[in-house]
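Following: one structure in structure tokens, then a few remarks.
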Amino acid sequence: MKTTQYLAEVVQELSQTVHLISDSEAEKLVNQILESKKIFVAGAGRSGLMGKSFVMRMMHMGIDAYVVGETVTANLEKDDLLIIGSGSGETKTLVAIAEKAKSLGGKVAAVTISPESTIGELADIIVKLPGVTKDQSKGDYKTIQPMGSLFEQTMLLFYDAIILRFMEKKGLDSNKMYGKHANLE
């Protein structure tokens with residue numbers, strides 16, 4: 001198969017994931033972002049990279065948002081929100097971060113394939129995304145892609161859709177957000 005044929009298949013897989021995500025779960029997450037003073041995002045590996053892109057866009061919208069583990073990350077306080085992106089919901093470091101956030105009075109949102117996981121059990125909000133875990137042992141979706149690629153791609157697009165919904169609710173457009181884009185380059 002040619003590279004562009006693989007790309008067409010990946011895009012087809014992604015287009016089928018949209019209808020498997022709950023609008024009400026997504027709206028709960030949007031509303032919690034609106035209600036929270038600070039937002040923290042965590043994920044491991046490629047899921048973490050998707051989270052970093054989400055934090056960047058929230059920053060562009062004027063949201064006080066941080067990537068967990070970075071040197072410039074603020075302290076989590078009561079009623080702040082931690083969003084964890086994890087396909088399995090069992091990554092030990094992320095479980096510990098969720099437990100710590102709960103102990104500090106924070107809210108936890110899980111973006112995951114596995115709502116019944118340890119992180120899912122700790123979460124106040126769960127958004128279930130379709131896909132399969134990196135070892136492809138969990139998940140209810142078939143994919144030609146390796147490991148957790150479908151989940152990670154769906155997460156990136158879901159996070160971008162959350163940004164669009166937030167923009168709609170706050171009356172923001174791209175021009176207003178561009179004013180917060182880095183300008184020291």
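Chain labels run A, B, ... following the order of the structure tokens; each chain numbers its residues from 1, and ligands are numbered from 1 in the order shown.
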- Just the strand (DSSP E) stuff from region 10-177 of chain A, please, per backbone DSSP, written as number ranges by chain. A: 39-43, 65-67, 81-85, 107-112, 125-128
Residues just named, written with C-alpha atoms as an mmCIF file, in the first residue's frame:
data_model
loop_
_atom_site.group_PDB
_atom_site.id
_atom_site.type_symbol
_atom_site.label_atom_id
_atom_site.label_comp_id
_atom_site.auth_asym_id
_atom_site.auth_seq_id
_atom_site.Cartn_x
_atom_site.Cartn_y
_atom_site.Cartn_z
ATOM 1 C CA ILE A 39 -5.878 23.684 34.746
ATOM 2 C CA PHE A 40 -3.172 21.022 34.861
ATOM 3 C CA VAL A 41 -2.667 18.420 32.137
ATOM 4 C CA ALA A 42 -0.699 15.183 32.426
ATOM 5 C CA GLY A 43 0.037 12.267 30.157
ATOM 6 C CA ALA A 65 -2.945 26.151 32.289
ATOM 7 C CA TYR A 66 0.118 24.027 33.041
ATOM 8 C CA VAL A 67 1.813 20.803 31.987
ATOM 9 C CA LEU A 81 -8.605 20.771 37.579
ATOM 10 C CA LEU A 82 -6.185 18.020 36.576
ATOM 11 C CA ILE A 83 -6.823 16.440 33.163
ATOM 12 C CA ILE A 84 -5.071 13.120 32.614
ATOM 13 C CA GLY A 85 -4.819 11.594 29.146
ATOM 14 C CA LYS A 107 -10.865 17.736 40.548
ATOM 15 C CA VAL A 108 -9.627 15.027 38.185
ATOM 16 C CA ALA A 109 -10.761 14.427 34.624
ATOM 17 C CA ALA A 110 -9.708 11.277 32.779
ATOM 18 C CA VAL A 111 -9.533 11.168 28.991
ATOM 19 C CA THR A 112 -9.165 7.440 28.440
ATOM 20 C CA ILE A 125 -15.166 13.451 35.023
ATOM 21 C CA ILE A 126 -14.485 10.712 32.490
ATOM 22 C CA VAL A 127 -14.385 11.205 28.737
ATOM 23 C CA LYS A 128 -14.137 7.849 27.016
#
Closest atom pairs, residues of region 139-161 of chain A within 10 Å of region 21-33 of chain A, only C-alpha atoms, as JSON lines:
{"residue": "A:Thr154", "atom": "CA", "partner": "A:Ile21", "partner_atom": "CA", "distance": 9.9}
{"residue": "A:Phe158", "atom": "CA", "partner": "A:Ala26", "partner_atom": "CA", "distance": 8.7}
{"residue": "A:Tyr159", "atom": "CA", "partner": "A:Ala26", "partner_atom": "CA", "distance": 9.7}
{"residue": "A:Ala161", "atom": "CA", "partner": "A:Ala26", "partner_atom": "CA", "distance": 9.3}
- Task: Tell me, in Å to one decimal, how far CA of Leu34 (chain A) is from CA of His19 (chain A).
- Result: 24.4 Å
- Message: Neighbouring residues of Thr118 (chain A) were defined as those with any atom within 10 Å, considering only C-alpha atoms; residues of the same chain fewer than 3 positions away were excluded. Please report them as a PyMOL selection string.
- Response: chain A and resi 88-92+94-95+98-99+114-115+121-123
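Interatomic distance, CA of Ser36 (chain A) against CA of Leu20 (chain A): 26.7 Å.
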- Message: Run DSSP on the backbone and tell me which residues of region 8-122 of chain A come out as alpha helix (DSSP H); list them as a ChimeraX atom specification.
- Response: /A:8-17,23-35,45-60,92-103,118-122
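Put simply, CA of Val132 (chain A) is 14.4 Å away from CA of Glu116 (chain A).
For the choices A:Val68, A:Leu76, A:Leu172, A:Leu14, the atom-to-atom distance to Gly48 (chain A) is smallest for A:Val68 when using only C-alpha atoms.
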- Message: When you count only C-alpha atoms, which of these residues is closest to Gly87 (chain A): A:Asp173, A:Lys38, A:Thr143, A:Gly131?
- Response: A:Gly131
- Query: Between A:Ser86, A:Asn75, A:Ser149, A:Thr17, which is the closest to Lys37 (chain A) once you count only C-alpha atoms?
  - Reply: A:Asn75
